[in-house]
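To start, the structure under review is shown below, and the notes come after it.
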Amino acid sequence: MAPSLVREKRVVHGHRRAFVRAGRGPALLLLHGIGNNCQTWAGVIERLAESHTVIAPDLLGHGDSDKPRGDYSIAAYANGMRDLLSVLDVEQATVVGHSLGGGIALQFAYQFPERCQRLALVGSGGLGPELSAGLRAATLPGAEVVLTGLTGVSGPLRLGMQVLERAGRAGGWKRVGDLAQAGDALLALKDVEARRAFLRTLRGVVDARGQTVTALDRLYLADAVPMLVIWGSRDPIVPARHAETVRALVPSARVEVFPGAGHWPHLDDPDRFVDVLLDFLATTEPAAHDRDSWRRLLSQEKEGAAKPVGR
């Protein structure tokens with residue numbers, strides 16, 4: 001019998017947070033990417049929920065969560081996830097983050113190490129400046145006008161995406177998920193509040209030259225937390241070589257590159273994704289955080305540590 005998926009809402013700091021919760025067991029927090037929502041995990045939640053409590057929120061500014069005029073920084077998102085878990089009486093979780101969600105997961109582990117049992121990063125942001133030209137262009141002046149025009153043709157756009165998706169799947173093209181998800185993300189920006197939240201979020205981590213927020217200078221701290229990195233070999237948005245950067249900087253990390261997959265490997269190959277994630281969960285122990293060890297890590301001088309982007 002499949003675990004039931006329950007769609008819930010909680011008000012935190014005066015703002016509605018929507019999320020899906022399913023299953024029982026150790027907590028898994030699934031964080032989607034920019035422009036998406038919890039639906040991006042729909043193909044993997046049921047299997048994960050057979051052995052875990054799965055919590056998949058719509059990030060603030062996305063999906064059915066509120067879209068206030070407020071702080072959409074990575075740190076604010078990490079704070080919001082800490083507070084949502086507290087409201088749900090979840091003290092610790094393994095955090096799985098895709099794209100923007102990966103950057104949030106990294107920030108969560110840095111800000112709240114005592115609450116992060118493991119990290120799983122999927123086509124993650126925050127691991128290098130390189131990024132697709134389309135997202136970089138969306139940070140330029142006038143981008144809101146362009147987005148407004150594109151979302152104004154939502155009917156034909158949705159039909160075109162559906163036709164291309166069916167044709168791609170019939171032809172065995174794995175990366176059709178990239179097209180479908182990008183189209184859904186664009187269609188989600190029909191409301192002015194959603195467009196503004198999207199642009200505030202994007203401009204908080206990206207400029208015309210690429211990603212501006214990096215975890216590379218603090219990635220050595222990940223030695224204290226079991227880490228899994230999953231990437232699609234043909235990711236057109238964040239290049240797969242960022243996975244190799246993690247492999248070099250965090251030798252203890254498990255790195256899996258899915259051949260032929262794109263930016264959404266959990267959509268392109270959901271069975272393999274769940275197999276890899278469940279194996280990672282079964283073969284690693286949750287991080288045992290203590291202040292003395294954390295203090296010693298922070299006090300170490302790391303030769304050749306990567307410098308933050310833009311410095």
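FYI, nothing fancy with the structure tokens labels: chains A, B, ... in order, residues from 1 per chain, ligands from 1 as they appear.
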
### Query
Quick one: residues within 12 Å of range 213-219 of chain A, only C-alpha atoms counted, chain neighbours fewer than 5 positions away excluded, as a ChimeraX atom specification?
/A:73-75,100,102-111,119,124-131,201-207,224-225,227,242-243,245-253,297-311

### Task
Within 12 Å of Leu140 in chain A, counting only C-alpha atoms, which residues show up once you throw out same-chain ones fewer than 5 positions away? Write them as an MDAnalysis selection string, please.
chainID A and resid 133:135 145:147 199:200 202:203 206:210

All heavy atoms of the current selection, written as a compact mmCIF listing (two decimals), in the first residue's frame:
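Result file follows (part.txt):
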# COMPACT_ATOMS: atom_id res chain seq x y z
N ALA A 133 23.03 30.95 -19.98
CA ALA A 133 22.87 32.33 -20.42
C ALA A 133 21.47 32.86 -20.15
O ALA A 133 21.27 34.04 -19.85
CB ALA A 133 23.19 32.44 -21.92
N GLY A 134 20.46 31.97 -20.24
CA GLY A 134 19.08 32.41 -20.03
C GLY A 134 18.85 32.94 -18.63
O GLY A 134 18.21 33.99 -18.45
N LEU A 135 19.35 32.24 -17.62
CA LEU A 135 19.18 32.72 -16.25
C LEU A 135 20.01 33.97 -15.99
O LEU A 135 19.58 34.88 -15.27
CB LEU A 135 19.54 31.61 -15.26
CG LEU A 135 18.50 30.51 -15.09
CD1 LEU A 135 19.00 29.43 -14.16
CD2 LEU A 135 17.17 31.08 -14.57
N VAL A 145 9.65 42.83 -17.86
CA VAL A 145 8.81 43.10 -19.03
C VAL A 145 8.83 41.92 -19.99
O VAL A 145 7.80 41.50 -20.52
CB VAL A 145 9.29 44.39 -19.74
CG1 VAL A 145 8.50 44.60 -21.03
CG2 VAL A 145 9.17 45.59 -18.82
N VAL A 146 10.03 41.34 -20.19
CA VAL A 146 10.16 40.19 -21.08
C VAL A 146 9.39 39.00 -20.52
O VAL A 146 8.66 38.31 -21.25
CB VAL A 146 11.65 39.83 -21.27
CG1 VAL A 146 11.78 38.55 -22.11
CG2 VAL A 146 12.39 40.98 -21.94
N LEU A 147 9.53 38.74 -19.21
CA LEU A 147 8.82 37.62 -18.60
C LEU A 147 7.31 37.80 -18.70
O LEU A 147 6.57 36.85 -18.94
CB LEU A 147 9.23 37.47 -17.13
CG LEU A 147 10.61 36.89 -16.87
CD1 LEU A 147 10.92 36.92 -15.37
CD2 LEU A 147 10.71 35.46 -17.39
N LEU A 199 12.39 37.02 -9.60
CA LEU A 199 13.50 37.91 -9.93
C LEU A 199 14.29 38.31 -8.68
O LEU A 199 15.52 38.41 -8.73
CB LEU A 199 12.98 39.15 -10.67
CG LEU A 199 12.47 38.88 -12.08
CD1 LEU A 199 11.83 40.11 -12.68
CD2 LEU A 199 13.60 38.38 -12.99
N ARG A 200 13.60 38.52 -7.56
CA ARG A 200 14.32 38.83 -6.33
C ARG A 200 15.21 37.67 -5.92
O ARG A 200 16.35 37.85 -5.49
CB ARG A 200 13.34 39.17 -5.21
CG ARG A 200 12.67 40.53 -5.33
CD ARG A 200 11.98 40.92 -4.02
NE ARG A 200 11.21 42.15 -4.20
CZ ARG A 200 9.90 42.19 -4.34
NH1 ARG A 200 9.19 41.08 -4.30
NH2 ARG A 200 9.27 43.35 -4.49
N LEU A 202 16.40 35.22 -7.91
CA LEU A 202 17.47 35.03 -8.88
C LEU A 202 18.56 36.09 -8.71
O LEU A 202 19.76 35.77 -8.70
CB LEU A 202 16.90 35.09 -10.30
CG LEU A 202 17.90 34.80 -11.43
CD1 LEU A 202 18.39 33.35 -11.35
CD2 LEU A 202 17.27 35.07 -12.79
N ARG A 203 18.17 37.34 -8.58
CA ARG A 203 19.16 38.41 -8.48
C ARG A 203 19.92 38.39 -7.16
O ARG A 203 20.96 39.04 -7.03
CB ARG A 203 18.47 39.76 -8.69
CG ARG A 203 18.03 39.97 -10.15
CD ARG A 203 17.08 41.11 -10.33
NE ARG A 203 16.78 41.33 -11.75
CZ ARG A 203 15.79 42.10 -12.19
NH1 ARG A 203 14.98 42.71 -11.31
NH2 ARG A 203 15.58 42.24 -13.49
N VAL A 206 22.59 35.53 -8.55
CA VAL A 206 23.11 35.53 -9.92
C VAL A 206 23.19 36.96 -10.43
O VAL A 206 22.37 37.81 -10.08
CB VAL A 206 22.17 34.70 -10.85
CG1 VAL A 206 22.60 34.81 -12.31
CG2 VAL A 206 22.13 33.24 -10.42
N ASP A 207 24.20 37.24 -11.26
CA ASP A 207 24.22 38.47 -12.04
C ASP A 207 24.55 38.12 -13.49
O ASP A 207 24.54 36.93 -13.85
CB ASP A 207 25.18 39.52 -11.44
CG ASP A 207 26.64 39.10 -11.48
OD1 ASP A 207 26.99 38.13 -12.22
OD2 ASP A 207 27.46 39.72 -10.78
N ALA A 208 24.84 39.11 -14.31
CA ALA A 208 25.06 38.86 -15.73
C ALA A 208 26.28 37.99 -16.00
O ALA A 208 26.42 37.41 -17.08
CB ALA A 208 25.20 40.18 -16.48
N ARG A 209 27.18 37.87 -15.01
CA ARG A 209 28.39 37.06 -15.19
C ARG A 209 28.23 35.64 -14.68
O ARG A 209 29.09 34.79 -14.92
CB ARG A 209 29.56 37.75 -14.48
CG ARG A 209 29.95 39.09 -15.08
CD ARG A 209 30.91 39.84 -14.18
NE ARG A 209 32.12 39.07 -13.92
CZ ARG A 209 33.01 39.41 -12.99
NH1 ARG A 209 32.80 40.47 -12.22
NH2 ARG A 209 34.09 38.67 -12.80
N GLY A 210 27.17 35.36 -13.94
CA GLY A 210 26.97 34.01 -13.42
C GLY A 210 26.58 34.01 -11.96
O GLY A 210 26.09 35.01 -11.42

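All residues of protein, DNA or RNA that reach within 12 Å of Arg291 in chain A, judged by only C-alpha atoms and not counting those fewer than 2 positions away in the chain, are Phe112, Pro113, Glu114, Ala224, Ala288, His289, Ser293, Trp294, Arg295, Arg296, Leu297 and Leu298 of chain A.
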
Output file for the residues above (N, CA and C atoms, as a short mmCIF file (atom, residue, chain, number, x, y, z; two decimals), in the first residue's frame):
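Below is the file result_12.cif, written as the result:
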data_model
loop_
_atom_site.label_atom_id
_atom_site.label_comp_id
_atom_site.auth_asym_id
_atom_site.auth_seq_id
_atom_site.Cartn_x
_atom_site.Cartn_y
_atom_site.Cartn_z
N PHE A 112 23.00 25.78 10.42
CA PHE A 112 22.39 24.94 11.46
C PHE A 112 22.98 23.52 11.41
N PRO A 113 24.28 23.39 11.64
CA PRO A 113 24.92 22.06 11.50
C PRO A 113 24.34 21.02 12.45
N GLU A 114 23.82 21.47 13.58
CA GLU A 114 23.25 20.53 14.54
C GLU A 114 21.94 19.91 14.07
N ALA A 224 32.42 17.05 7.73
CA ALA A 224 31.74 16.67 8.97
C ALA A 224 30.34 16.12 8.71
N ALA A 288 27.16 13.59 13.57
CA ALA A 288 27.09 13.79 15.02
C ALA A 288 27.77 15.12 15.33
N HIS A 289 26.98 16.18 15.36
CA HIS A 289 27.55 17.51 15.54
C HIS A 289 27.87 17.77 17.00
N SER A 293 34.16 20.09 17.98
CA SER A 293 34.64 19.66 16.67
C SER A 293 34.39 20.73 15.61
N TRP A 294 33.22 21.37 15.68
CA TRP A 294 32.89 22.43 14.73
C TRP A 294 33.85 23.61 14.88
N ARG A 295 34.17 23.95 16.12
CA ARG A 295 35.10 25.05 16.38
C ARG A 295 36.48 24.73 15.82
N ARG A 296 36.92 23.47 15.98
CA ARG A 296 38.23 23.09 15.45
C ARG A 296 38.25 23.16 13.93
N LEU A 297 37.15 22.70 13.30
CA LEU A 297 37.08 22.80 11.84
C LEU A 297 37.17 24.24 11.37
N LEU A 298 36.42 25.12 12.01
CA LEU A 298 36.41 26.53 11.60
C LEU A 298 37.76 27.20 11.82
#

### Message
Using only C-alpha atoms, which protein or nucleic acid residues come within 8 Å of Phe198 in chain A? Drop anything in the same chain fewer than 2 positions from it, and give the result as JSON, numbers by chain.
### Response
{"A": [34, 35, 61, 62, 189, 194, 195, 196, 200, 201, 202]}

Keeping only C-alpha atoms, write those residues as a PDB file, in the first residue's frame.
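Generated file (part_19.pdb):
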ATOM      1  CA  ILE A  34      13.989  28.264  -8.658  1.00  0.00           C
ATOM      2  CA  GLY A  35      10.687  28.584 -10.493  1.00  0.00           C
ATOM      3  CA  GLY A  61       7.684  32.871  -3.459  1.00  0.00           C
ATOM      4  CA  HIS A  62       6.923  29.567  -5.224  1.00  0.00           C
ATOM      5  CA  LEU A 189       5.265  33.239 -13.413  1.00  0.00           C
ATOM      6  CA  ALA A 194       5.388  35.272  -8.614  1.00  0.00           C
ATOM      7  CA  ARG A 195       7.479  37.098 -11.231  1.00  0.00           C
ATOM      8  CA  ARG A 196       8.773  39.572  -8.684  1.00  0.00           C
ATOM      9  CA  ARG A 200      14.322  38.833  -6.333  1.00  0.00           C
ATOM     10  CA  THR A 201      15.449  35.277  -5.684  1.00  0.00           C
ATOM     11  CA  LEU A 202      17.473  35.034  -8.880  1.00  0.00           C
TER      12      LEU A 202
END

### Query
Can you list, as a list of chain:residue names, every protein, DNA or RNA residue that comes within 10 Å of range 81-89 of chain A when you count only C-alpha atoms, leaving out same-chain residues fewer than 5 positions away?
A:Arg10, A:Val11, A:Val12, A:His13, A:Arg17, A:Phe19, A:Ala27, A:Leu29, A:Leu31, A:Ile55, A:Pro57, A:Leu59, A:Leu60, A:Ala75, A:Ala76, A:Ile104, A:Ala105, A:Phe108, A:Gln111, A:Phe112, A:Arg115, A:Cys116

### Message
With only C-alpha atoms as the counted atoms, please give the residues lying no more than 10 Å from Val20 in chain A, apart from itself and same-chain residues fewer than 5 positions off, as a PyMOL selection string.
### Response
chain A and resi 5-9+30+38-39+41-42+45+54-58

Write out the residues from the selection above, keeping N, CA, C and O atoms, as a CSV table (one decimal), in the first residue's frame.
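For reference, result-v2.csv as written:
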chain,number,residue,atom,x,y,z
A,5,LEU,N,0.1,10.9,0.5
A,5,LEU,CA,0.7,12.2,0.4
A,5,LEU,C,-0.3,13.2,0.9
A,5,LEU,O,-1.4,13.3,0.3
A,6,VAL,N,0.1,13.9,1.9
A,6,VAL,CA,-0.8,14.9,2.5
A,6,VAL,C,-0.3,16.3,2.2
A,6,VAL,O,0.9,16.7,2.5
A,7,ARG,N,-1.1,17.1,1.5
A,7,ARG,CA,-0.8,18.5,1.2
A,7,ARG,C,-1.2,19.4,2.4
A,7,ARG,O,-2.4,19.3,2.8
A,8,GLU,N,-0.3,20.1,3.0
A,8,GLU,CA,-0.6,20.9,4.2
A,8,GLU,C,-0.1,22.3,4.0
A,8,GLU,O,0.7,22.6,3.1
A,9,LYS,N,-0.5,23.2,4.9
A,9,LYS,CA,-0.1,24.6,5.0
A,9,LYS,C,0.1,25.0,6.4
A,9,LYS,O,-0.6,24.5,7.3
A,30,LEU,N,13.1,17.8,1.1
A,30,LEU,CA,13.3,17.9,-0.3
A,30,LEU,C,13.1,19.4,-0.7
A,30,LEU,O,12.0,19.9,-0.6
A,38,CYS,N,7.1,21.9,-5.1
A,38,CYS,CA,7.2,20.5,-4.6
A,38,CYS,C,6.9,19.4,-5.6
A,38,CYS,O,7.3,18.3,-5.5
A,39,GLN,N,6.1,19.8,-6.6
A,39,GLN,CA,5.7,18.8,-7.6
A,39,GLN,C,6.8,18.2,-8.4
A,39,GLN,O,6.7,17.1,-8.9
A,41,TRP,N,9.2,16.8,-7.2
A,41,TRP,CA,9.6,15.5,-6.5
A,41,TRP,C,8.5,14.4,-6.6
A,41,TRP,O,8.7,13.4,-6.0
A,42,ALA,N,7.5,14.7,-7.4
A,42,ALA,CA,6.3,13.8,-7.3
A,42,ALA,C,6.7,12.3,-7.7
A,42,ALA,O,6.1,11.4,-7.2
A,45,ILE,N,8.7,10.7,-4.4
A,45,ILE,CA,8.2,10.8,-3.0
A,45,ILE,C,7.7,9.5,-2.5
A,45,ILE,O,8.0,9.1,-1.4
A,54,VAL,N,8.9,12.2,4.5
A,54,VAL,CA,9.3,13.1,3.5
A,54,VAL,C,8.5,14.4,3.6
A,54,VAL,O,7.3,14.4,3.7
A,55,ILE,N,9.3,15.5,3.6
A,55,ILE,CA,8.7,16.9,3.7
A,55,ILE,C,9.2,17.6,2.5
A,55,ILE,O,10.4,17.8,2.3
A,56,ALA,N,8.3,18.0,1.6
A,56,ALA,CA,8.7,18.7,0.4
A,56,ALA,C,7.9,20.0,0.3
A,56,ALA,O,6.7,20.0,-0.1
A,57,PRO,N,8.5,21.1,0.7
A,57,PRO,CA,7.8,22.4,0.7
A,57,PRO,C,7.8,23.1,-0.7
A,57,PRO,O,8.7,22.8,-1.5
A,58,ASP,N,6.8,24.0,-0.8
A,58,ASP,CA,6.9,25.0,-1.9
A,58,ASP,C,7.7,26.2,-1.2
A,58,ASP,O,7.2,26.7,-0.2

### Message
Excluding Arg47 in chain A and its own-chain neighbours fewer than 4 positions away, which residues fall within 12 Å of it when counting only C-alpha atoms? Please give them as a list in words.
### Response
Met1, Ala2, Pro3, Ser4, Leu5, Ala22, Gly23, Arg24, Trp41, Ala42, Gly43, Ser51, His52, Thr53, Val54, Pro270, Asp271, Arg272, Phe273, Val274, Asp275, Leu277 and Leu278 of chain A

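Distance-wise, CA of Thr40 in chain A and CA of Pro26 in chain A end up 21.2 Å apart.
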
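Here CA of Glu193 in chain A is placed at a distance of 15.3 Å from CA of Asn37 in chain A.
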